[in-house]
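Worksheet for the structure shown next.
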Amino acid sequence: MSWGGSEFATETEYDSLFQAPGVVYVGSAGDDPGVLYPCVSPNVVCAGGTSVARSPVNGNLIAEIAWSDAGGGISAYEPSPGYQATDPQVAYQLDGARGVPDISADANPNTGAWLWTSYPLGGETGWFIVGGTSLAAPALAGIINASGNFARSSSAELYNLYSLNPHFAFNDITYGACGFYSGTFSAQGWDLCTGFGSPRNLSGR
(Lines give C-alpha, C1' and ligand atoms only; values in the text may rest on other atoms or scores of the structure.)
Protein backbone atom coordinates (compact mmCIF):
# COMPACT_ATOMS: atom_id res chain seq x y z
CA MET A 1 0.00 0.00 0.00
CA SER A 2 1.64 3.19 -1.19
CA TRP A 3 -0.68 5.52 0.68
CA GLY A 4 -1.46 6.68 4.20
CA GLY A 5 -2.62 9.57 6.31
CA SER A 6 -2.18 11.05 9.74
CA GLU A 7 -3.23 9.04 12.77
CA PHE A 8 -6.70 9.58 14.21
CA ALA A 9 -8.34 8.72 17.52
CA THR A 10 -10.64 5.99 16.16
CA GLU A 11 -8.13 4.26 13.93
CA THR A 12 -8.10 1.06 16.01
CA GLU A 13 -11.69 0.45 14.88
CA TYR A 14 -10.36 -0.06 11.34
CA ASP A 15 -7.46 -2.41 12.14
CA SER A 16 -9.68 -5.43 11.45
CA LEU A 17 -9.84 -4.40 7.79
CA PHE A 18 -6.27 -5.67 7.46
CA GLN A 19 -6.96 -9.20 8.69
CA ALA A 20 -8.04 -10.92 5.48
CA PRO A 21 -6.96 -14.59 5.67
CA GLY A 22 -3.94 -15.39 3.53
CA VAL A 23 -3.11 -11.73 2.86
CA VAL A 24 0.00 -9.91 4.12
CA TYR A 25 -0.47 -6.15 3.99
CA VAL A 26 2.64 -4.01 3.51
CA GLY A 27 2.25 -0.25 3.95
CA SER A 28 4.39 2.83 3.37
CA ALA A 29 5.78 4.63 6.42
CA GLY A 30 5.64 7.91 4.49
CA ASP A 31 8.11 10.40 3.08
CA ASP A 32 7.93 12.94 5.88
CA PRO A 33 8.60 12.73 9.63
CA GLY A 34 5.88 11.16 11.73
CA VAL A 35 3.54 8.18 11.82
CA LEU A 36 1.02 7.25 9.13
CA TYR A 37 -2.06 5.05 9.22
CA PRO A 38 -2.54 2.29 8.10
CA CYS A 39 1.19 1.58 8.22
CA VAL A 40 1.06 1.83 12.02
CA SER A 41 -1.75 -0.72 12.29
CA PRO A 42 -0.57 -3.84 14.13
CA ASN A 43 -1.94 -5.82 11.17
CA VAL A 44 0.30 -4.13 8.59
CA VAL A 45 4.00 -4.66 7.88
CA CYS A 46 5.28 -1.08 7.95
CA ALA A 47 7.93 -0.28 5.32
CA GLY A 48 10.52 2.35 6.17
CA GLY A 49 13.17 3.87 3.93
CA THR A 50 16.92 3.78 3.43
CA SER A 51 19.51 5.36 1.14
CA VAL A 52 22.03 3.15 -0.61
CA ALA A 53 25.43 3.67 -2.21
CA ARG A 54 26.54 1.31 -4.95
CA SER A 55 29.80 0.78 -6.80
CA PRO A 56 29.83 2.57 -10.17
CA VAL A 57 31.94 -0.32 -11.47
CA ASN A 58 29.85 -3.40 -10.67
CA GLY A 59 26.75 -2.09 -8.91
CA ASN A 60 27.55 -3.90 -5.66
CA LEU A 61 26.19 -2.43 -2.45
CA ILE A 62 28.76 -0.31 -0.62
CA ALA A 63 26.71 1.15 2.20
CA GLU A 64 23.15 1.65 3.38
CA ILE A 65 21.97 4.35 5.80
CA ALA A 66 18.66 5.69 7.06
CA TRP A 67 16.81 7.94 4.62
CA SER A 68 16.31 11.20 6.46
CA ASP A 69 12.88 11.86 4.90
CA ALA A 70 11.33 8.50 5.79
CA GLY A 71 8.40 8.32 8.19
CA GLY A 72 8.34 6.43 11.44
CA GLY A 73 7.82 6.83 15.16
CA ILE A 74 5.56 5.80 18.01
CA SER A 75 1.79 5.58 17.65
CA ALA A 76 -0.44 7.89 19.66
CA TYR A 77 -3.31 5.36 19.62
CA GLU A 78 -2.17 1.81 18.84
CA PRO A 79 -0.98 -0.32 21.78
CA SER A 80 2.17 -2.35 21.37
CA PRO A 81 1.30 -5.65 19.66
CA GLY A 82 2.58 -8.91 21.09
CA TYR A 83 5.40 -9.29 18.59
CA GLN A 84 6.87 -5.98 19.80
CA ALA A 85 5.87 -6.15 23.46
CA THR A 86 7.67 -9.47 23.94
CA ASP A 87 10.93 -8.32 22.35
CA PRO A 88 12.88 -6.55 25.12
CA GLN A 89 15.16 -4.64 22.73
CA VAL A 90 12.12 -3.25 20.91
CA ALA A 91 9.73 -2.83 23.83
CA TYR A 92 11.94 -0.55 25.91
CA GLN A 93 11.86 2.05 23.13
CA LEU A 94 8.07 2.13 22.82
CA ASP A 95 6.56 2.57 26.29
CA GLY A 96 3.65 0.25 25.51
CA ALA A 97 2.76 1.67 22.07
CA ARG A 98 3.14 0.42 18.51
CA GLY A 99 6.35 1.61 16.87
CA VAL A 100 7.19 1.72 13.17
CA PRO A 101 8.70 0.87 10.76
CA ASP A 102 9.19 -2.88 10.99
CA ILE A 103 11.65 -3.29 8.11
CA SER A 104 12.97 -1.01 5.37
CA ALA A 105 14.22 -0.81 1.80
CA ASP A 106 15.76 1.79 -0.50
CA ALA A 107 13.45 4.80 -0.70
CA ASN A 108 15.68 7.77 -1.45
CA PRO A 109 14.64 9.08 -4.89
CA ASN A 110 18.31 9.79 -5.63
CA THR A 111 19.23 6.13 -5.11
CA GLY A 112 15.91 4.53 -6.03
CA ALA A 113 14.79 2.20 -8.79
CA TRP A 114 14.52 2.75 -12.52
CA LEU A 115 10.94 2.70 -13.80
CA TRP A 116 9.76 2.64 -17.41
CA THR A 117 6.47 4.35 -18.15
CA SER A 118 4.57 4.74 -21.38
CA TYR A 119 2.22 7.18 -19.63
CA PRO A 120 3.55 10.73 -19.92
CA LEU A 121 5.01 12.09 -16.69
CA GLY A 122 5.63 15.79 -17.02
CA GLY A 123 4.99 15.37 -20.72
CA GLU A 124 7.64 12.66 -21.15
CA THR A 125 7.71 8.89 -21.36
CA GLY A 126 10.62 6.52 -20.81
CA TRP A 127 12.88 5.71 -17.90
CA PHE A 128 12.67 7.55 -14.59
CA ILE A 129 14.27 7.01 -11.18
CA VAL A 130 11.58 6.68 -8.52
CA GLY A 131 11.75 6.50 -4.76
CA GLY A 132 9.86 7.12 -1.54
CA THR A 133 8.45 4.51 0.79
CA SER A 134 5.91 3.98 -2.00
CA LEU A 135 8.84 2.17 -3.63
CA ALA A 136 10.00 0.44 -0.45
CA ALA A 137 6.58 -1.08 0.32
CA PRO A 138 6.06 -2.96 -2.97
CA ALA A 139 9.74 -3.94 -3.03
CA LEU A 140 9.41 -5.54 0.39
CA ALA A 141 6.08 -7.11 -0.59
CA GLY A 142 7.89 -8.70 -3.52
CA ILE A 143 10.62 -10.07 -1.23
CA ILE A 144 8.01 -11.48 1.15
CA ASN A 145 6.24 -13.15 -1.77
CA ALA A 146 9.48 -14.45 -3.31
CA SER A 147 10.46 -16.09 -0.02
CA GLY A 148 7.66 -18.60 -0.55
CA ASN A 149 6.91 -18.70 3.17
CA PHE A 150 3.30 -17.66 2.85
CA ALA A 151 1.95 -16.52 6.20
CA ARG A 152 -1.68 -16.94 7.24
CA SER A 153 -2.04 -13.19 7.82
CA SER A 154 -0.13 -9.95 8.32
CA SER A 155 -0.03 -10.65 12.05
CA ALA A 156 1.51 -14.07 11.44
CA GLU A 157 4.08 -12.52 9.09
CA LEU A 158 4.97 -9.91 11.70
CA TYR A 159 5.40 -12.55 14.40
CA ASN A 160 7.70 -14.38 11.97
CA LEU A 161 9.73 -11.22 11.29
CA TYR A 162 10.19 -10.44 14.95
CA SER A 163 11.26 -14.02 15.70
CA LEU A 164 14.07 -14.08 13.11
CA ASN A 165 17.72 -13.76 14.09
CA PRO A 166 18.27 -10.11 13.11
CA HIS A 167 22.03 -10.54 12.66
CA PHE A 168 21.43 -13.13 9.97
CA ALA A 169 18.23 -11.89 8.37
CA PHE A 170 18.72 -8.11 8.11
CA ASN A 171 21.22 -5.46 7.16
CA ASP A 172 21.26 -3.53 10.41
CA ILE A 173 21.22 0.20 9.60
CA THR A 174 23.31 1.94 12.26
CA TYR A 175 24.02 5.30 10.61
CA GLY A 176 21.71 8.18 9.75
CA ALA A 177 18.85 10.11 11.32
CA CYS A 178 15.15 10.58 10.72
CA GLY A 179 12.09 12.14 12.33
CA PHE A 180 11.29 15.71 13.25
CA TYR A 181 14.43 17.86 13.13
CA SER A 182 16.35 14.62 12.46
CA GLY A 183 15.98 13.97 16.17
CA THR A 184 15.83 10.17 15.90
CA PHE A 185 19.00 8.24 15.18
CA SER A 186 19.64 4.84 13.69
CA ALA A 187 21.11 2.42 16.18
CA GLN A 188 22.21 -1.16 16.52
CA GLY A 189 19.22 -3.47 16.38
CA TRP A 190 15.63 -2.35 15.89
CA ASP A 191 15.09 1.42 15.80
CA LEU A 192 12.46 3.98 14.84
CA CYS A 193 14.25 4.98 11.63
CA THR A 194 14.53 1.65 9.81
CA GLY A 195 13.07 -1.02 12.11
CA PHE A 196 15.27 -4.11 11.86
CA GLY A 197 16.84 -2.76 8.66
CA SER A 198 16.64 -4.17 5.14
CA PRO A 199 16.29 -7.87 4.28
CA ARG A 200 19.66 -9.49 3.71
CA ASN A 201 18.18 -12.38 1.76
CA LEU A 202 14.83 -14.09 1.32
CA SER A 203 14.94 -15.33 4.91
CA GLY A 204 14.84 -11.71 6.10
CA ARG A 205 11.14 -11.29 5.65
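We label chains A, B, ... in the order they appear in the C-alpha coordinates, count residues from 1 in each chain, and number ligands from 1 in the order shown.
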Quick one: everything within 12 Å of A:Thr111, counting only C-alpha atoms, minus sequence neighbours fewer than 5 positions away in the same chain. Send it as an mmCIF file with N, CA and C atoms, in the first residue's frame.
data_model
loop_
_atom_site.group_PDB
_atom_site.id
_atom_site.type_symbol
_atom_site.label_atom_id
_atom_site.label_comp_id
_atom_site.auth_asym_id
_atom_site.auth_seq_id
_atom_site.Cartn_x
_atom_site.Cartn_y
_atom_site.Cartn_z
ATOM 1 N N GLY A 49 12.314 3.555 5.062
ATOM 2 C CA GLY A 49 13.165 3.870 3.926
ATOM 3 C C GLY A 49 14.631 4.006 4.265
ATOM 4 N N THR A 50 15.474 3.626 3.308
ATOM 5 C CA THR A 50 16.921 3.780 3.430
ATOM 6 C C THR A 50 17.464 4.508 2.208
ATOM 7 N N SER A 51 18.738 4.876 2.291
ATOM 8 C CA SER A 51 19.509 5.363 1.144
ATOM 9 C C SER A 51 20.651 4.378 0.923
ATOM 10 N N VAL A 52 20.964 4.092 -0.320
ATOM 11 C CA VAL A 52 22.034 3.150 -0.614
ATOM 12 C C VAL A 52 23.109 3.800 -1.470
ATOM 13 N N ALA A 53 24.319 3.284 -1.331
ATOM 14 C CA ALA A 53 25.431 3.668 -2.207
ATOM 15 C C ALA A 53 25.925 2.402 -2.882
ATOM 16 N N ARG A 54 26.091 2.473 -4.192
ATOM 17 C CA ARG A 54 26.540 1.306 -4.954
ATOM 18 C C ARG A 54 27.783 1.627 -5.769
ATOM 19 N N SER A 55 28.582 0.624 -6.013
ATOM 20 C CA SER A 55 29.796 0.780 -6.803
ATOM 21 C C SER A 55 29.444 1.165 -8.236
ATOM 22 N N GLY A 59 28.076 -2.222 -9.484
ATOM 23 C CA GLY A 59 26.751 -2.090 -8.907
ATOM 24 C C GLY A 59 26.581 -2.717 -7.541
ATOM 25 N N LEU A 61 26.528 -3.301 -3.569
ATOM 26 C CA LEU A 61 26.188 -2.427 -2.450
ATOM 27 C C LEU A 61 27.440 -2.078 -1.653
ATOM 28 N N ALA A 63 27.205 0.742 0.885
ATOM 29 C CA ALA A 63 26.714 1.155 2.203
ATOM 30 C C ALA A 63 25.226 1.420 2.125
ATOM 31 N N GLU A 64 24.572 1.362 3.286
ATOM 32 C CA GLU A 64 23.151 1.653 3.384
ATOM 33 C C GLU A 64 22.911 2.395 4.694
ATOM 34 N N ILE A 65 22.238 3.540 4.613
ATOM 35 C CA ILE A 65 21.973 4.354 5.798
ATOM 36 C C ILE A 65 20.484 4.699 5.838
ATOM 37 N N TRP A 67 17.233 6.818 5.466
ATOM 38 C CA TRP A 67 16.809 7.937 4.617
ATOM 39 C C TRP A 67 16.179 8.987 5.520
ATOM 40 N N ALA A 105 13.561 -0.594 3.086
ATOM 41 C CA ALA A 105 14.218 -0.814 1.800
ATOM 42 C C ALA A 105 14.555 0.552 1.208
ATOM 43 N N ASP A 106 15.345 0.541 0.151
ATOM 44 C CA ASP A 106 15.763 1.790 -0.497
ATOM 45 C C ASP A 106 14.551 2.637 -0.860
ATOM 46 N N PHE A 128 12.572 6.580 -15.670
ATOM 47 C CA PHE A 128 12.665 7.551 -14.588
ATOM 48 C C PHE A 128 13.188 6.839 -13.338
ATOM 49 N N ILE A 129 13.906 7.553 -12.483
ATOM 50 C CA ILE A 129 14.268 7.012 -11.178
ATOM 51 C C ILE A 129 13.179 7.407 -10.198
ATOM 52 N N VAL A 130 12.644 6.426 -9.487
ATOM 53 C CA VAL A 130 11.576 6.677 -8.522
ATOM 54 C C VAL A 130 12.039 6.257 -7.136
ATOM 55 N N GLY A 131 11.396 6.831 -6.129
ATOM 56 C CA GLY A 131 11.753 6.504 -4.755
ATOM 57 C C GLY A 131 10.579 6.694 -3.826
ATOM 58 N N GLY A 132 10.880 6.984 -2.565
ATOM 59 C CA GLY A 132 9.858 7.115 -1.543
ATOM 60 C C GLY A 132 9.537 5.762 -0.929
ATOM 61 N N LEU A 135 7.990 3.149 -2.968
ATOM 62 C CA LEU A 135 8.839 2.165 -3.634
ATOM 63 C C LEU A 135 9.213 1.061 -2.656
ATOM 64 N N ALA A 136 9.550 1.435 -1.426
ATOM 65 C CA ALA A 136 9.996 0.438 -0.445
ATOM 66 C C ALA A 136 8.911 -0.594 -0.157
#
Within 12 Å of A:Thr174, counting only C-alpha atoms, which residues qualify if same-chain residues fewer than 5 places away don't, as a PyMOL selection string?
chain A and resi 50+63-67+184-198
Any idea what the distance is between atom CA of A:Asp69 and atom CA of A:Ile173?
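Separation between atom CA of A:Asp69 and atom CA of A:Ile173: 15.1 Å.
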Could you pull the residues within 12 Å of A:Tyr159, counting only C-alpha atoms, minus those fewer than 4 positions along the same chain, as a PyMOL selection string?
chain A and resi 24+42-45+81-87+102+151-155+163-164+205
Produce a file of the selected residues containing N, CA and C atoms, as a PDB file, in the first residue's frame.
ATOM      1  N   VAL A  24      -0.971 -10.680   3.333  1.00  0.00           N
ATOM      2  CA  VAL A  24      -0.002  -9.914   4.120  1.00  0.00           C
ATOM      3  C   VAL A  24       0.012  -8.492   3.571  1.00  0.00           C
ATOM      4  N   PRO A  42      -1.295  -2.624  13.756  1.00  0.00           N
ATOM      5  CA  PRO A  42      -0.568  -3.844  14.134  1.00  0.00           C
ATOM      6  C   PRO A  42      -0.742  -4.973  13.136  1.00  0.00           C
ATOM      7  N   ASN A  43      -1.663  -4.808  12.181  1.00  0.00           N
ATOM      8  CA  ASN A  43      -1.935  -5.822  11.169  1.00  0.00           C
ATOM      9  C   ASN A  43      -1.325  -5.476   9.816  1.00  0.00           C
ATOM     10  N   VAL A  44      -0.368  -4.541   9.815  1.00  0.00           N
ATOM     11  CA  VAL A  44       0.303  -4.129   8.586  1.00  0.00           C
ATOM     12  C   VAL A  44       1.814  -4.163   8.810  1.00  0.00           C
ATOM     13  N   VAL A  45       2.539  -4.740   7.864  1.00  0.00           N
ATOM     14  CA  VAL A  45       4.002  -4.663   7.885  1.00  0.00           C
ATOM     15  C   VAL A  45       4.375  -3.273   7.406  1.00  0.00           C
ATOM     16  N   PRO A  81       1.753  -4.286  19.917  1.00  0.00           N
ATOM     17  CA  PRO A  81       1.302  -5.654  19.658  1.00  0.00           C
ATOM     18  C   PRO A  81       2.261  -6.663  20.289  1.00  0.00           C
ATOM     19  N   GLY A  82       1.793  -7.888  20.413  1.00  0.00           N
ATOM     20  CA  GLY A  82       2.578  -8.906  21.092  1.00  0.00           C
ATOM     21  C   GLY A  82       3.956  -9.112  20.517  1.00  0.00           C
ATOM     22  N   TYR A  83       4.094  -9.047  19.193  1.00  0.00           N
ATOM     23  CA  TYR A  83       5.397  -9.290  18.585  1.00  0.00           C
ATOM     24  C   TYR A  83       6.412  -8.209  18.953  1.00  0.00           C
ATOM     25  N   GLN A  84       5.951  -7.018  19.324  1.00  0.00           N
ATOM     26  CA  GLN A  84       6.873  -5.981  19.800  1.00  0.00           C
ATOM     27  C   GLN A  84       6.990  -5.985  21.320  1.00  0.00           C
ATOM     28  N   ALA A  85       5.875  -6.204  21.996  1.00  0.00           N
ATOM     29  CA  ALA A  85       5.874  -6.149  23.462  1.00  0.00           C
ATOM     30  C   ALA A  85       6.728  -7.240  24.080  1.00  0.00           C
ATOM     31  N   THR A  86       6.895  -8.369  23.384  1.00  0.00           N
ATOM     32  CA  THR A  86       7.666  -9.475  23.944  1.00  0.00           C
ATOM     33  C   THR A  86       9.129  -9.457  23.532  1.00  0.00           C
ATOM     34  N   ASP A  87       9.526  -8.472  22.746  1.00  0.00           N
ATOM     35  CA  ASP A  87      10.931  -8.325  22.346  1.00  0.00           C
ATOM     36  C   ASP A  87      11.545  -7.224  23.201  1.00  0.00           C
ATOM     37  N   ASP A 102       8.756  -1.541  10.622  1.00  0.00           N
ATOM     38  CA  ASP A 102       9.187  -2.880  10.991  1.00  0.00           C
ATOM     39  C   ASP A 102      10.463  -3.255  10.258  1.00  0.00           C
ATOM     40  N   ALA A 151       2.537 -16.597   4.871  1.00  0.00           N
ATOM     41  CA  ALA A 151       1.945 -16.519   6.197  1.00  0.00           C
ATOM     42  C   ALA A 151       0.424 -16.503   6.106  1.00  0.00           C
ATOM     43  N   ARG A 152      -0.218 -16.901   7.196  1.00  0.00           N
ATOM     44  CA  ARG A 152      -1.681 -16.938   7.239  1.00  0.00           C
ATOM     45  C   ARG A 152      -2.284 -15.540   7.216  1.00  0.00           C
ATOM     46  N   SER A 153      -1.518 -14.540   7.680  1.00  0.00           N
ATOM     47  CA  SER A 153      -2.040 -13.187   7.819  1.00  0.00           C
ATOM     48  C   SER A 153      -0.870 -12.232   8.018  1.00  0.00           C
ATOM     49  N   SER A 154      -1.166 -10.928   8.018  1.00  0.00           N
ATOM     50  CA  SER A 154      -0.130  -9.946   8.315  1.00  0.00           C
ATOM     51  C   SER A 154       0.423 -10.159   9.720  1.00  0.00           C
ATOM     52  N   SER A 155      -0.465 -10.432  10.679  1.00  0.00           N
ATOM     53  CA  SER A 155      -0.026 -10.645  12.051  1.00  0.00           C
ATOM     54  C   SER A 155       0.941 -11.816  12.137  1.00  0.00           C
ATOM     55  N   SER A 163      10.635 -12.837  15.107  1.00  0.00           N
ATOM     56  CA  SER A 163      11.257 -14.019  15.696  1.00  0.00           C
ATOM     57  C   SER A 163      12.548 -14.414  14.993  1.00  0.00           C
ATOM     58  N   LEU A 164      12.853 -13.766  13.853  1.00  0.00           N
ATOM     59  CA  LEU A 164      14.072 -14.081  13.111  1.00  0.00           C
ATOM     60  C   LEU A 164      15.310 -13.604  13.860  1.00  0.00           C
ATOM     61  N   ARG A 205      12.467 -11.810   5.891  1.00  0.00           N
ATOM     62  CA  ARG A 205      11.136 -11.288   5.647  1.00  0.00           C
ATOM     63  C   ARG A 205      10.224 -11.890   6.657  1.00  0.00           C
TER      64      ARG A 205
END
